[in-house]
Amino acid sequence: MRIDPGPISAGYIERDKKVISSSYPRGYPFVMDHGLGVEVWDVDGKRYLDFAAGIAVNSTGHSHPEVVAAISEQAQKFIHISSDFYHPQWIELAEKLDEISPFQLPAISFMANSGSEAVESALKLAKYFTERSQFIGFLGGFHGRTAASLSMTASKTIYHRSFYPLMNGVTHVPFPNPYRPLLHMEKGENIGDAVIRYLEEIVFHKLLPPNEVAGILIEPIQGEGGYIYPPDTFLPALREVCDKYGILLIVDEVQSGMGRTGKWWAVDHYGVEPDIICIAKGIASGVPMGVMMAKAELMTWPNGSHGNTFGGNPLACAAALKTIELLEREYIANTQKTGALALDLLRRNQQAHPCIGDVRGKGLMIGVEFVKDPVSKQPAVALRDEVVERCFAAGLLVLGCGDSTIRITPPLCITEQEIREGLEIFAHAIGEAESHL
């Protein structure tokens with residue numbers, strides 16, 4: 001489907017081509033001018049509903065007045081002081097993160113600037129603490145594009161192509177995808193059981209001694225890989241494996257954390273306590289920030305062994321503190337309510353459109369997977385892409401993930417009326433795409 005941008009947007013896009021790296025994975029031609037809450041406007045004045053939220057970043061919506069005020073107040077005091085010194089905001093933020101952490105024991109935070117940095121920090125800490133060198137990741141996982149995080153990523157070959165050799169010491173195993181299981185399941189097993197059996201009987205018996213493994217890195221819910229939810233029993237079983245062999249369980253909650261699933265952390269749905277958690281995206285409502293938070297007993301590395309210049313930036317900390325306050329006060333509860341409505345409406349759509357193979361989600365982290373037919377489950381990539389483009393043309397921003405999934409990740413402040421308006425556009429776009437293809 002050809003989408004022609006407005007004249008002002010087209011001018012900016014042409015200028016962009018001349019000065020911005022071609023490596024950015026651009027989608028449709030949206031050039032943003034301003035936004036408020038769930039609504040955004042392009043430079044040509046067209047209004048859209050944003051069901052992408054900057055890839056699940058704008059948790060409190062665009063330019064929430066209280067977040068803007070917190071940033072402005074801090075900016076008038078000071079904008080930056082390096083991590084060689086101290087400032088109240090990052091201490092207060094670390095204390096708040098300790099309060100809401102998924103750990104029973106005290107937590108210590110390392111402040112960074114992105115999810116990739118949080119993952120890199122977690123891998124370094126795991127190596128230092130365990131004095132081991134090997135890691136296990138999952139097929140379909142996405143953890144970033146910097147050196148070590150890229151080595152743990154296994155969602156698309158484009159991320160690896162031309163960048164070998166990657167960091168050594170990484171073994172990938174299948175993620176337990178209930179809709180598309182990669183392993184044979186024995187009688188009475190679910191796919192999570194099969195993955196644990198594969199880890200024990202194949203990986204640890206034939207490939208990798210478990211006492212060489214520093215950590216297992218996992219997204220509790222795979223994001224870029226397709227919004228894949230494992231069986232409820234899987235993460236508790238993985239925790240048991242880690243405990244058995246002295247392996248650190250590192251959870252990448254960059255996309256699934258900060259209330260996105262209706263709880264502070266996705267692991268909270270499964271009753272699992274990790275050792276290290278990687279946080280970013282929704283933590284500061286769009287101001288760049290990442291955090292690697294670990295049980296205090298693990299943070300034994302010495303002064304100077306890891307650091308950065310911009311981590312714990314006071315503007316980002318101010319935004320994060322206000323974001324957490326808003327989530328705690330109203331938006332996590334709102335996510336539970338509007339997420340349930342969205343799932344109900346989408347599952348009704350599934351009954352009307354056989355091209356929707358699966359609808360899955362918790363809170364406002366919802367995946368809609370498109371298939372050529374519900375029996376073969378063959379991914380309908382072209383149809384998915386057509387739906388994304390038709391949504392954009394009709395005033396709705398959505399993003400794909402996995403082979404043929406669309407993610408529904410609006411800001412957590414979304415109203416029931418906005419959910420209904422956006423999903424009405426979504427349903428209409430599916431109908432148009434079905435008839436067109």
# chains A, B, ... in the order shown; residues from 1 in each chain; ligands from 1
>>> residues_around(residues="segment 251-260 of chain A", least_positions_apart="6", cutoff="8 Å", atoms="only C-alpha atoms", output="ChimeraX atom specification")
/A:55-57,59,115,119,143,217-221,223,266,274,276-283,324,327,331-332,335,363-365,412
>>> write_last_selection(atoms="N, CA and C atoms", output="CSV table (one decimal), in the first residue's frame")
chain,number,residue,atom,x,y,z
A,55,ILE,N,7.5,2.7,21.2
A,55,ILE,CA,7.8,1.3,21.6
A,55,ILE,C,7.7,1.1,23.1
A,56,ALA,N,6.5,1.4,23.6
A,56,ALA,CA,6.2,1.1,25.0
A,56,ALA,C,7.0,2.0,26.0
A,57,VAL,N,7.4,3.2,25.5
A,57,VAL,CA,8.2,4.1,26.3
A,57,VAL,C,7.3,5.2,27.0
A,59,SER,N,4.9,5.8,28.9
A,59,SER,CA,4.0,5.2,29.8
A,59,SER,C,2.9,6.1,30.4
A,115,GLY,N,18.1,0.6,27.5
A,115,GLY,CA,17.9,-0.9,27.8
A,115,GLY,C,19.2,-1.6,27.5
A,119,VAL,N,21.4,-4.0,30.0
A,119,VAL,CA,21.8,-5.4,29.8
A,119,VAL,C,23.3,-5.6,29.8
A,143,HIS,N,17.6,-8.0,23.1
A,143,HIS,CA,18.2,-7.3,24.3
A,143,HIS,C,19.0,-6.1,24.0
A,217,LEU,N,19.7,-15.1,30.7
A,217,LEU,CA,19.0,-13.8,30.4
A,217,LEU,C,17.7,-14.1,29.7
A,218,ILE,N,16.6,-13.6,30.2
A,218,ILE,CA,15.3,-13.9,29.5
A,218,ILE,C,14.4,-12.7,29.6
A,219,GLU,N,13.7,-12.4,28.6
A,219,GLU,CA,12.5,-11.5,28.7
A,219,GLU,C,11.3,-12.4,29.2
A,220,PRO,N,10.8,-12.0,30.3
A,220,PRO,CA,9.6,-12.8,30.8
A,220,PRO,C,8.5,-12.9,29.8
A,221,ILE,N,8.3,-11.8,29.0
A,221,ILE,CA,7.4,-11.8,27.9
A,221,ILE,C,8.3,-11.3,26.7
A,223,GLY,N,9.4,-9.4,23.6
A,223,GLY,CA,8.8,-8.2,22.9
A,223,GLY,C,9.0,-8.2,21.4
A,266,ALA,N,6.6,-7.9,34.9
A,266,ALA,CA,6.0,-9.1,34.4
A,266,ALA,C,6.2,-10.3,35.2
A,274,PRO,N,13.8,-12.7,40.5
A,274,PRO,CA,15.0,-12.8,39.7
A,274,PRO,C,16.2,-12.4,40.6
A,276,ILE,N,18.7,-10.3,39.0
A,276,ILE,CA,19.0,-9.0,38.4
A,276,ILE,C,17.9,-8.7,37.4
A,277,ILE,N,17.5,-7.4,37.4
A,277,ILE,CA,16.5,-6.9,36.5
A,277,ILE,C,17.0,-5.8,35.7
A,278,CYS,N,16.7,-5.8,34.4
A,278,CYS,CA,17.1,-4.7,33.5
A,278,CYS,C,15.8,-3.9,33.1
A,279,ILE,N,15.9,-2.6,33.3
A,279,ILE,CA,14.8,-1.7,33.2
A,279,ILE,C,15.1,-0.5,32.3
A,280,ALA,N,14.2,-0.1,31.5
A,280,ALA,CA,14.4,1.1,30.6
A,280,ALA,C,13.0,1.5,30.1
A,281,LYS,N,12.9,1.9,28.9
A,281,LYS,CA,11.7,2.3,28.2
A,281,LYS,C,10.7,3.1,29.0
A,282,GLY,N,9.7,2.5,29.7
A,282,GLY,CA,8.7,3.3,30.3
A,282,GLY,C,9.0,3.9,31.6
A,283,ILE,N,10.3,3.8,32.1
A,283,ILE,CA,10.6,4.3,33.4
A,283,ILE,C,10.6,5.8,33.6
A,324,ILE,N,6.8,7.1,38.2
A,324,ILE,CA,6.5,6.0,39.2
A,324,ILE,C,5.3,6.5,40.1
A,327,LEU,N,2.1,6.2,38.0
A,327,LEU,CA,1.8,4.7,37.8
A,327,LEU,C,1.2,4.2,39.1
A,331,TYR,N,-2.2,4.8,37.2
A,331,TYR,CA,-2.1,4.2,35.8
A,331,TYR,C,-1.9,2.7,35.8
A,332,ILE,N,-1.4,2.1,36.8
A,332,ILE,CA,-1.3,0.6,36.8
A,332,ILE,C,-2.7,0.1,37.0
A,335,THR,N,-4.3,0.5,33.7
A,335,THR,CA,-3.8,-0.5,32.7
A,335,THR,C,-4.6,-1.9,32.9
A,363,GLY,N,-2.4,-6.8,30.7
A,363,GLY,CA,-2.4,-5.3,30.8
A,363,GLY,C,-2.5,-4.7,29.4
A,364,LEU,N,-1.6,-3.8,29.1
A,364,LEU,CA,-1.5,-3.2,27.8
A,364,LEU,C,-0.2,-3.6,27.1
A,365,MET,N,0.1,-4.9,27.2
A,365,MET,CA,1.2,-5.5,26.4
A,365,MET,C,0.5,-6.6,25.6
A,412,LEU,N,-0.2,4.1,29.2
A,412,LEU,CA,-1.0,3.5,30.3
A,412,LEU,C,-2.1,4.4,30.8
>>> select_by_dssp(residues="segment 9-87 of chain A", states="helix (DSSP H, G or I)", output="list of chain:residue names")
A:Ser9, A:Ala10, A:Gly11, A:Tyr12, A:Ile13, A:Glu14, A:Arg15, A:Asp16, A:Lys17, A:Lys18, A:Val19, A:Ala53, A:Gly54, A:Ile55, A:Ala56, A:Pro65, A:Glu66, A:Val67, A:Val68, A:Ala69, A:Ala70, A:Ile71, A:Ser72, A:Glu73, A:Gln74, A:Ala75, A:Gln76, A:Lys77
>>> write_last_selection(atoms="C-alpha atoms", output="PDB file, in the first residue's frame")
ATOM      1  CA  SER A   9       6.215  15.759   6.297  1.00  0.00           C
ATOM      2  CA  ALA A  10       7.601  14.880   2.866  1.00  0.00           C
ATOM      3  CA  GLY A  11      10.031  17.789   3.061  1.00  0.00           C
ATOM      4  CA  TYR A  12      11.379  16.679   6.425  1.00  0.00           C
ATOM      5  CA  ILE A  13      11.725  13.081   5.235  1.00  0.00           C
ATOM      6  CA  GLU A  14      13.826  14.193   2.256  1.00  0.00           C
ATOM      7  CA  ARG A  15      16.066  16.249   4.528  1.00  0.00           C
ATOM      8  CA  ASP A  16      16.342  13.293   6.931  1.00  0.00           C
ATOM      9  CA  LYS A  17      17.670  11.018   4.166  1.00  0.00           C
ATOM     10  CA  LYS A  18      20.650  13.309   3.645  1.00  0.00           C
ATOM     11  CA  VAL A  19      21.827  13.581   7.247  1.00  0.00           C
ATOM     12  CA  ALA A  53       3.878   4.784  22.665  1.00  0.00           C
ATOM     13  CA  GLY A  54       7.396   5.133  21.289  1.00  0.00           C
ATOM     14  CA  ILE A  55       7.832   1.329  21.560  1.00  0.00           C
ATOM     15  CA  ALA A  56       6.196   1.141  25.007  1.00  0.00           C
ATOM     16  CA  PRO A  65       1.776  17.976  32.622  1.00  0.00           C
ATOM     17  CA  GLU A  66       3.157  16.635  35.899  1.00  0.00           C
ATOM     18  CA  VAL A  67       6.144  15.005  34.185  1.00  0.00           C
ATOM     19  CA  VAL A  68       6.832  18.183  32.206  1.00  0.00           C
ATOM     20  CA  ALA A  69       6.668  20.217  35.427  1.00  0.00           C
ATOM     21  CA  ALA A  70       9.061  17.839  37.216  1.00  0.00           C
ATOM     22  CA  ILE A  71      11.590  18.061  34.363  1.00  0.00           C
ATOM     23  CA  SER A  72      11.247  21.840  34.169  1.00  0.00           C
ATOM     24  CA  GLU A  73      11.690  22.294  37.909  1.00  0.00           C
ATOM     25  CA  GLN A  74      14.835  20.167  37.869  1.00  0.00           C
ATOM     26  CA  ALA A  75      16.224  21.885  34.756  1.00  0.00           C
ATOM     27  CA  GLN A  76      16.055  25.216  36.530  1.00  0.00           C
ATOM     28  CA  LYS A  77      18.266  23.825  39.297  1.00  0.00           C
TER      29      LYS A  77
END
>>> closest_atom_pairs(of="segment 84-166 of chain A", to="segment 181-201 of chain A", cutoff="12 Å", atoms="only C-alpha atoms", output="CSV")
residue,atom,partner,partner_atom,distance
A:Ile136,CA,A:Leu199,CA,9.7
A:Gly137,CA,A:Leu199,CA,11.2
A:Phe138,CA,A:Val195,CA,10.3
A:Leu139,CA,A:Leu182,CA,10.0
A:Gly140,CA,A:Leu182,CA,11.5
>>> select_by_dssp(residues="segment 109-315 of chain A", states="strand (DSSP E or B)", output="number ranges by chain")
A: 109-112, 134-138, 170-173, 213-218, 222, 228, 248-252, 276-279, 290-295
>>> residues_around(residues="Glu39 of chain A", least_positions_apart="3", cutoff="9 Å", atoms="only C-alpha atoms", output="compact mmCIF listing (two decimals) with C-alpha atoms, in the first residue's frame")
# COMPACT_ATOMS: atom_id res chain seq x y z
CA HIS A 34 3.36 17.47 19.15
CA GLY A 35 1.37 15.16 21.39
CA LEU A 36 -0.72 15.08 24.54
CA ARG A 47 -4.30 13.77 14.42
CA TYR A 48 -3.47 10.18 15.34
CA LEU A 49 -4.06 7.85 18.27
CA ASP A 50 -0.74 6.45 19.43
CA GLY A 61 1.38 9.54 27.66
CA HIS A 62 2.89 12.36 25.67
>>> residues_around(residues="Gly431 of chain A", least_positions_apart="6", cutoff="10 Å", atoms="only C-alpha atoms", output="PDB file with N, CA and C atoms, in the first residue's frame")
ATOM      1  N   ALA A 352     -14.370 -12.785  14.206  1.00  0.00           N
ATOM      2  CA  ALA A 352     -14.868 -12.287  12.924  1.00  0.00           C
ATOM      3  C   ALA A 352     -13.824 -12.355  11.813  1.00  0.00           C
ATOM      4  N   HIS A 353     -12.559 -12.501  12.181  1.00  0.00           N
ATOM      5  CA  HIS A 353     -11.481 -12.472  11.180  1.00  0.00           C
ATOM      6  C   HIS A 353     -10.576 -13.692  11.372  1.00  0.00           C
ATOM      7  N   CYS A 355      -8.048 -14.497   9.910  1.00  0.00           N
ATOM      8  CA  CYS A 355      -6.633 -14.165   9.730  1.00  0.00           C
ATOM      9  C   CYS A 355      -5.946 -13.844  11.063  1.00  0.00           C
ATOM     10  N   VAL A 387      -2.027  -4.176   7.340  1.00  0.00           N
ATOM     11  CA  VAL A 387      -2.852  -3.671   8.437  1.00  0.00           C
ATOM     12  C   VAL A 387      -2.162  -2.491   9.118  1.00  0.00           C
TER      13      VAL A 387
END
>>> residues_around(residues="Pro88 of chain A", least_positions_apart="2", cutoff="10 Å", atoms="only C-alpha atoms", output="JSON, numbers by chain")
{"A": [86, 90, 91, 92, 93, 314, 317, 318]}
>>> residues_around(residues="Lys156 of chain A", least_positions_apart="5", cutoff="12 Å", atoms="only C-alpha atoms", output="list in words")
Leu139, Gly140, Gly141, Phe142, His143, Gly144, Arg145, Leu150, Ser151, Arg161, Glu224, Gly225, Gly226, Cys401, Gly402 and Asp403 of chain A
>>> write_last_selection(atoms="C-alpha atoms", output="PDB file, in the first residue's frame")
ATOM      1  CA  LEU A 139      15.655 -17.719  20.467  1.00  0.00           C
ATOM      2  CA  GLY A 140      13.423 -14.773  19.626  1.00  0.00           C
ATOM      3  CA  GLY A 141      14.896 -12.644  22.393  1.00  0.00           C
ATOM      4  CA  PHE A 142      15.845  -9.021  21.833  1.00  0.00           C
ATOM      5  CA  HIS A 143      18.203  -7.325  24.280  1.00  0.00           C
ATOM      6  CA  GLY A 144      19.775  -4.483  22.320  1.00  0.00           C
ATOM      7  CA  ARG A 145      22.258  -3.667  19.589  1.00  0.00           C
ATOM      8  CA  LEU A 150      23.573  -7.951  20.514  1.00  0.00           C
ATOM      9  CA  SER A 151      25.223 -11.295  21.218  1.00  0.00           C
ATOM     10  CA  ARG A 161      24.653  -9.642   9.742  1.00  0.00           C
ATOM     11  CA  GLU A 224      10.504  -7.802  19.543  1.00  0.00           C
ATOM     12  CA  GLY A 225      10.209 -11.582  19.144  1.00  0.00           C
ATOM     13  CA  GLY A 226       6.416 -11.359  18.870  1.00  0.00           C
ATOM     14  CA  CYS A 401       6.924  -7.430  15.967  1.00  0.00           C
ATOM     15  CA  GLY A 402       7.893 -11.055  15.435  1.00  0.00           C
ATOM     16  CA  ASP A 403       7.106 -12.553  12.032  1.00  0.00           C
TER      17      ASP A 403
END
>>> atom_distance(atom1="atom CA of Glu297 of chain A", atom2="atom CA of Asp98 of chain A")
13.3 Å
>>> closest_residue(among="A:Ile100, A:Asn303, A:Ala147, A:Pro230", to="Pro165 of chain A", atoms="only C-alpha atoms")
A:Ala147
>>> atom_distance(atom1="atom CA of Asp42 of chain A", atom2="atom CA of Val398 of chain A")
15.1 Å
>>> residues_around(residues="Ile216 of chain A", least_positions_apart="2", cutoff="8 Å", atoms="only C-alpha atoms", output="PyMOL selection string")
chain A and resi 135-137+213-214+218+242+247-250
>>> decode(residues="segment 14-49 of chain A", atoms="N, CA and C atoms", output="JSON list (two decimals), in the first residue's frame")
[["chain", "number", "residue", "atom", "x", "y", "z"],
["A", 14, "GLU", "N", 12.75, 14.02, 3.24],
["A", 14, "GLU", "CA", 13.83, 14.19, 2.26],
["A", 14, "GLU", "C", 15.08, 14.75, 2.93],
["A", 15, "ARG", "N", 14.91, 15.70, 3.81],
["A", 15, "ARG", "CA", 16.07, 16.25, 4.53],
["A", 15, "ARG", "C", 16.70, 15.19, 5.43],
["A", 16, "ASP", "N", 15.87, 14.36, 6.05],
["A", 16, "ASP", "CA", 16.34, 13.29, 6.93],
["A", 16, "ASP", "C", 17.27, 12.34, 6.19],
["A", 17, "LYS", "N", 16.88, 11.98, 4.95],
["A", 17, "LYS", "CA", 17.67, 11.02, 4.17],
["A", 17, "LYS", "C", 19.11, 11.48, 3.96],
["A", 18, "LYS", "N", 19.33, 12.77, 3.96],
["A", 18, "LYS", "CA", 20.65, 13.31, 3.65],
["A", 18, "LYS", "C", 21.57, 13.37, 4.86],
["A", 19, "VAL", "N", 20.99, 13.33, 6.07],
["A", 19, "VAL", "CA", 21.83, 13.58, 7.25],
["A", 19, "VAL", "C", 21.68, 12.57, 8.38],
["A", 20, "ILE", "N", 20.71, 11.65, 8.30],
["A", 20, "ILE", "CA", 20.47, 10.67, 9.36],
["A", 20, "ILE", "C", 20.85, 9.28, 8.87],
["A", 21, "SER", "N", 21.45, 8.49, 9.75],
["A", 21, "SER", "CA", 21.90, 7.15, 9.39],
["A", 21, "SER", "C", 20.78, 6.30, 8.80],
["A", 22, "SER", "N", 21.13, 5.59, 7.74],
["A", 22, "SER", "CA", 20.16, 4.70, 7.08],
["A", 22, "SER", "C", 19.89, 3.44, 7.88],
["A", 23, "SER", "N", 20.61, 3.25, 8.99],
["A", 23, "SER", "CA", 20.44, 2.03, 9.79],
["A", 23, "SER", "C", 19.16, 2.03, 10.60],
["A", 24, "TYR", "N", 18.56, 3.20, 10.80],
["A", 24, "TYR", "CA", 17.32, 3.24, 11.59],
["A", 24, "TYR", "C", 16.19, 2.52, 10.86],
["A", 25, "PRO", "N", 15.46, 1.62, 11.55],
["A", 25, "PRO", "CA", 14.39, 0.84, 10.90],
["A", 25, "PRO", "C", 13.09, 1.63, 10.80],
["A", 26, "ARG", "N", 13.03, 2.55, 9.85],
["A", 26, "ARG", "CA", 11.85, 3.39, 9.70],
["A", 26, "ARG", "C", 10.67, 2.60, 9.16],
["A", 27, "GLY", "N", 9.47, 2.97, 9.58],
["A", 27, "GLY", "CA", 8.26, 2.34, 9.07],
["A", 27, "GLY", "C", 7.54, 3.29, 8.14],
["A", 28, "TYR", "N", 6.36, 3.69, 8.52],
["A", 28, "TYR", "CA", 5.56, 4.60, 7.69],
["A", 28, "TYR", "C", 6.01, 6.05, 7.93],
["A", 29, "PRO", "N", 5.63, 6.96, 7.05],
["A", 29, "PRO", "CA", 6.16, 8.33, 7.09],
["A", 29, "PRO", "C", 5.45, 9.26, 8.06],
["A", 30, "PHE", "N", 5.62, 9.00, 9.35],
["A", 30, "PHE", "CA", 5.04, 9.86, 10.38],
["A", 30, "PHE", "C", 6.10, 10.83, 10.89],
["A", 31, "VAL", "N", 5.84, 12.11, 10.76],
["A", 31, "VAL", "CA", 6.75, 13.15, 11.25],
["A", 31, "VAL", "C", 6.01, 13.91, 12.35],
["A", 32, "MET", "N", 6.41, 13.68, 13.58],
["A", 32, "MET", "CA", 5.64, 14.21, 14.72],
["A", 32, "MET", "C", 5.89, 15.69, 14.95],
["A", 33, "ASP", "N", 4.82, 16.39, 15.29],
["A", 33, "ASP", "CA", 4.91, 17.78, 15.68],
["A", 33, "ASP", "C", 4.70, 17.94, 17.19],
["A", 34, "HIS", "N", 3.62, 17.36, 17.72],
["A", 34, "HIS", "CA", 3.36, 17.47, 19.15],
["A", 34, "HIS", "C", 2.39, 16.37, 19.57],
["A", 35, "GLY", "N", 2.28, 16.18, 20.87],
["A", 35, "GLY", "CA", 1.37, 15.16, 21.39],
["A", 35, "GLY", "C", 0.91, 15.52, 22.79],
["A", 36, "LEU", "N", -0.20, 14.92, 23.19],
["A", 36, "LEU", "CA", -0.72, 15.08, 24.54],
["A", 36, "LEU", "C", -1.49, 13.82, 24.89],
["A", 37, "GLY", "N", -1.05, 13.13, 25.93],
["A", 37, "GLY", "CA", -1.70, 11.89, 26.31],
["A", 37, "GLY", "C", -1.51, 10.83, 25.24],
["A", 38, "VAL", "N", -2.62, 10.31, 24.73],
["A", 38, "VAL", "CA", -2.58, 9.26, 23.70],
["A", 38, "VAL", "C", -2.65, 9.86, 22.30],
["A", 39, "GLU", "N", -2.94, 11.14, 22.19],
["A", 39, "GLU", "CA", -3.08, 11.79, 20.89],
["A", 39, "GLU", "C", -1.77, 12.43, 20.44],
["A", 40, "VAL", "N", -1.48, 12.30, 19.14],
["A", 40, "VAL", "CA", -0.32, 12.97, 18.55],
["A", 40, "VAL", "C", -0.73, 13.61, 17.23],
["A", 41, "TRP", "N", 0.03, 14.62, 16.82],
["A", 41, "TRP", "CA", -0.25, 15.32, 15.57],
["A", 41, "TRP", "C", 1.04, 15.40, 14.76],
["A", 42, "ASP", "N", 0.91, 15.21, 13.45],
["A", 42, "ASP", "CA", 2.10, 15.34, 12.60],
["A", 42, "ASP", "C", 2.29, 16.80, 12.19],
["A", 43, "VAL", "N", 3.38, 17.07, 11.48],
["A", 43, "VAL", "CA", 3.70, 18.45, 11.13],
["A", 43, "VAL", "C", 2.73, 19.04, 10.11],
["A", 44, "ASP", "N", 1.92, 18.18, 9.50],
["A", 44, "ASP", "CA", 0.88, 18.66, 8.58],
["A", 44, "ASP", "C", -0.46, 18.88, 9.28],
["A", 45, "GLY", "N", -0.49, 18.62, 10.60],
["A", 45, "GLY", "CA", -1.68, 18.89, 11.38],
["A", 45, "GLY", "C", -2.65, 17.74, 11.51],
["A", 46, "LYS", "N", -2.29, 16.54, 11.03],
["A", 46, "LYS", "CA", -3.19, 15.39, 11.14],
["A", 46, "LYS", "C", -3.07, 14.75, 12.52],
["A", 47, "ARG", "N", -4.22, 14.40, 13.10],
["A", 47, "ARG", "CA", -4.30, 13.77, 14.42],
["A", 47, "ARG", "C", -4.24, 12.26, 14.30],
["A", 48, "TYR", "N", -3.54, 11.64, 15.25],
["A", 48, "TYR", "CA", -3.47, 10.18, 15.34],
["A", 48, "TYR", "C", -3.67, 9.75, 16.79],
["A", 49, "LEU", "N", -4.14, 8.52, 16.98],
["A", 49, "LEU", "CA", -4.06, 7.85, 18.27],
["A", 49, "LEU", "C", -2.78, 7.02, 18.29]]
